[in-house]
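Have a look at the structure below, then the notes.
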Amino acid sequence: MAHFEGRFIDRIVVLTGAGISAESGVPTFRDADGLWEQHDPMQIATPEAFMRDPDLVYRFYNARRARLPGVEPNAAHHAVVRLQREFAGDVFLVTQNVDDLHERAGSQQVCHMHGRLQAALCTACARSTPMSGDYDGTTACPACGTSGSLRPDVVWFGEIPYYMDEIETRLADCDLFIAIGTSGLVYPAAGFVRRALQCGATTVELNRETSDVSGLFHHQRKGLATAVVTALVEELLAA
Ligand code: NAD
C-alpha cells in the first residue's frame, strides 16, 4: 500500500515501451538513429511483409536479436524491479518491448504483449521456442522438427497482441496506471490509459516528450526514463 497524489494505491499496472530501453542503446521505433530508419515498419513488421520477402524479415530480426547481448538494463529497468520487489501491493508489468532487458534487470513476471525477439513461433505446431541465435526459413522447429515453419515470435501490425484478457483484468482492477516511454501511437496499448481511467485509476505518464495520449493522463513527468522512473519509484516506496 502506498499513498500517491492523495489516494491509497494497492494495485499498480506498469506499461513500458521502447523509451525505457533507449538509454541502454536499444533504438526506439521512430528515433532518427533507430534501426527502423532504413525500413518502413509496414514493409517489415507485418504478416504481408513476411509473405512477400521472408529473408528480409528474418535478417532484420536476426540483426536486432544479435545486438541484445551488447546492451545492458539501465536504471529505469532496475527501478521497476525494485517496485516489484518492495511495494507491498501488487505490481503488474506489461511491456511492448521485445527485448529482454526487464528480465535481465531481475523482473520475475514480465507480460510481453508483443512477443520476444529471443523466441521463434512455429506455424506448424504453434509452439514458441527460445532462440538466442539466428534462424531463417531453413531452420527446423526444435519442438516438432518441421522445416521452414519458424517465424519471429513478435506481434506484427495487424495481429492481436498476447495476454489481452489478463491485461484487461489487471487494468480494470488497478489503482495506479503508469506508462513509461511509449508514444501512444500503437494500439491497443495506446488505449490502456483510457481503460484505466474508466475503471477509476490514477494515471501517470513518464516520457521525455509529449506523447500522442499525454493529455489523457492525470499526471505527466517529463524526462529521461533513468531519472523519472527512479524518482517515481522512490516516491511510491517512501509513501
Ligand atoms: P515508440 O518508438 O513509438 O516511442 C518511444 C517513446 O519513448 C516516445 O514517446 C519517446 O518520446 C520516448 N522516449 C525515447 N527515449 C526516452 C527516454 N530515454 N526516456 C523516456 N522516454 C523516452 O515506441 P513504443 O511506443 O514502444 O511503440 C512502438 C512499437 O515498437 C512497439 O510495438 C514495440 O514492440 C516496438 N519496439 C520495441 C523495441 C524494444 O523491444 N526495445 C524497440 C523499438 C520498437
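Residue names in the C-alpha cells use chain letters A, B, ... in the order shown, residue numbers from 1 in each chain, and ligand numbers from 1 in the order shown.
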Practice item. Name the residues of region 116-172 of chain A that come out as helix (DSSP H, G or I) in a backbone DSSP run; write them as a ChimeraX atom specification. Key: /A:164-172
Dump as an mmCIF file, in the first residue's frame, selection limited to C-alpha atoms:
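Result went into result-v8.cif, see below:
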```cif
data_model
loop_
_atom_site.group_PDB
_atom_site.id
_atom_site.type_symbol
_atom_site.label_atom_id
_atom_site.label_comp_id
_atom_site.auth_asym_id
_atom_site.auth_seq_id
_atom_site.Cartn_x
_atom_site.Cartn_y
_atom_site.Cartn_z
ATOM 1 C CA MET A 164 -5.085 -9.304 -23.727
ATOM 2 C CA ASP A 165 -7.533 -10.996 -21.334
ATOM 3 C CA GLU A 166 -5.120 -10.837 -18.431
ATOM 4 C CA ILE A 167 -4.153 -7.239 -19.257
ATOM 5 C CA GLU A 168 -7.823 -6.217 -19.335
ATOM 6 C CA THR A 169 -8.391 -7.835 -15.944
ATOM 7 C CA ARG A 170 -5.389 -6.049 -14.439
ATOM 8 C CA LEU A 171 -6.361 -2.670 -15.919
ATOM 9 C CA ALA A 172 -9.913 -2.995 -14.655
#
```
Review point. Neighbours of ligand 1 within 7 Å, counting only C-alpha atoms and all ligand atoms, as a PyMOL selection string?
Key: chain A and resi 16-23+26-31+96-99+114+180-186+206-211+223-226
Review point. Which of these residues is nearest to Ile160 (chain A), using only C-alpha atoms: A:Cys125, A:Met113, A:Ala196, A:Ala190?
Key: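 Using only C-alpha atoms, the shortest distance to Ile160 (chain A) belongs to A:Met113.
Among the candidate residues A:Met42, A:Ala66, A:Leu15, A:Val94, the one lying nearest to Gln118 (chain A) is A:Ala66, with distances computed using only C-alpha atoms.
Atom pair CA of Ile9 (chain A) / CA of Leu101 (chain A): separated by 26.4 Å.
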Practice item. Please identify which residues in region 84-143 of chain A DSSP calls strand (DSSP E or B) from the backbone, and express them as a ChimeraX atom specification. Key: /A:90-95,111-112,115-122,128-130,140
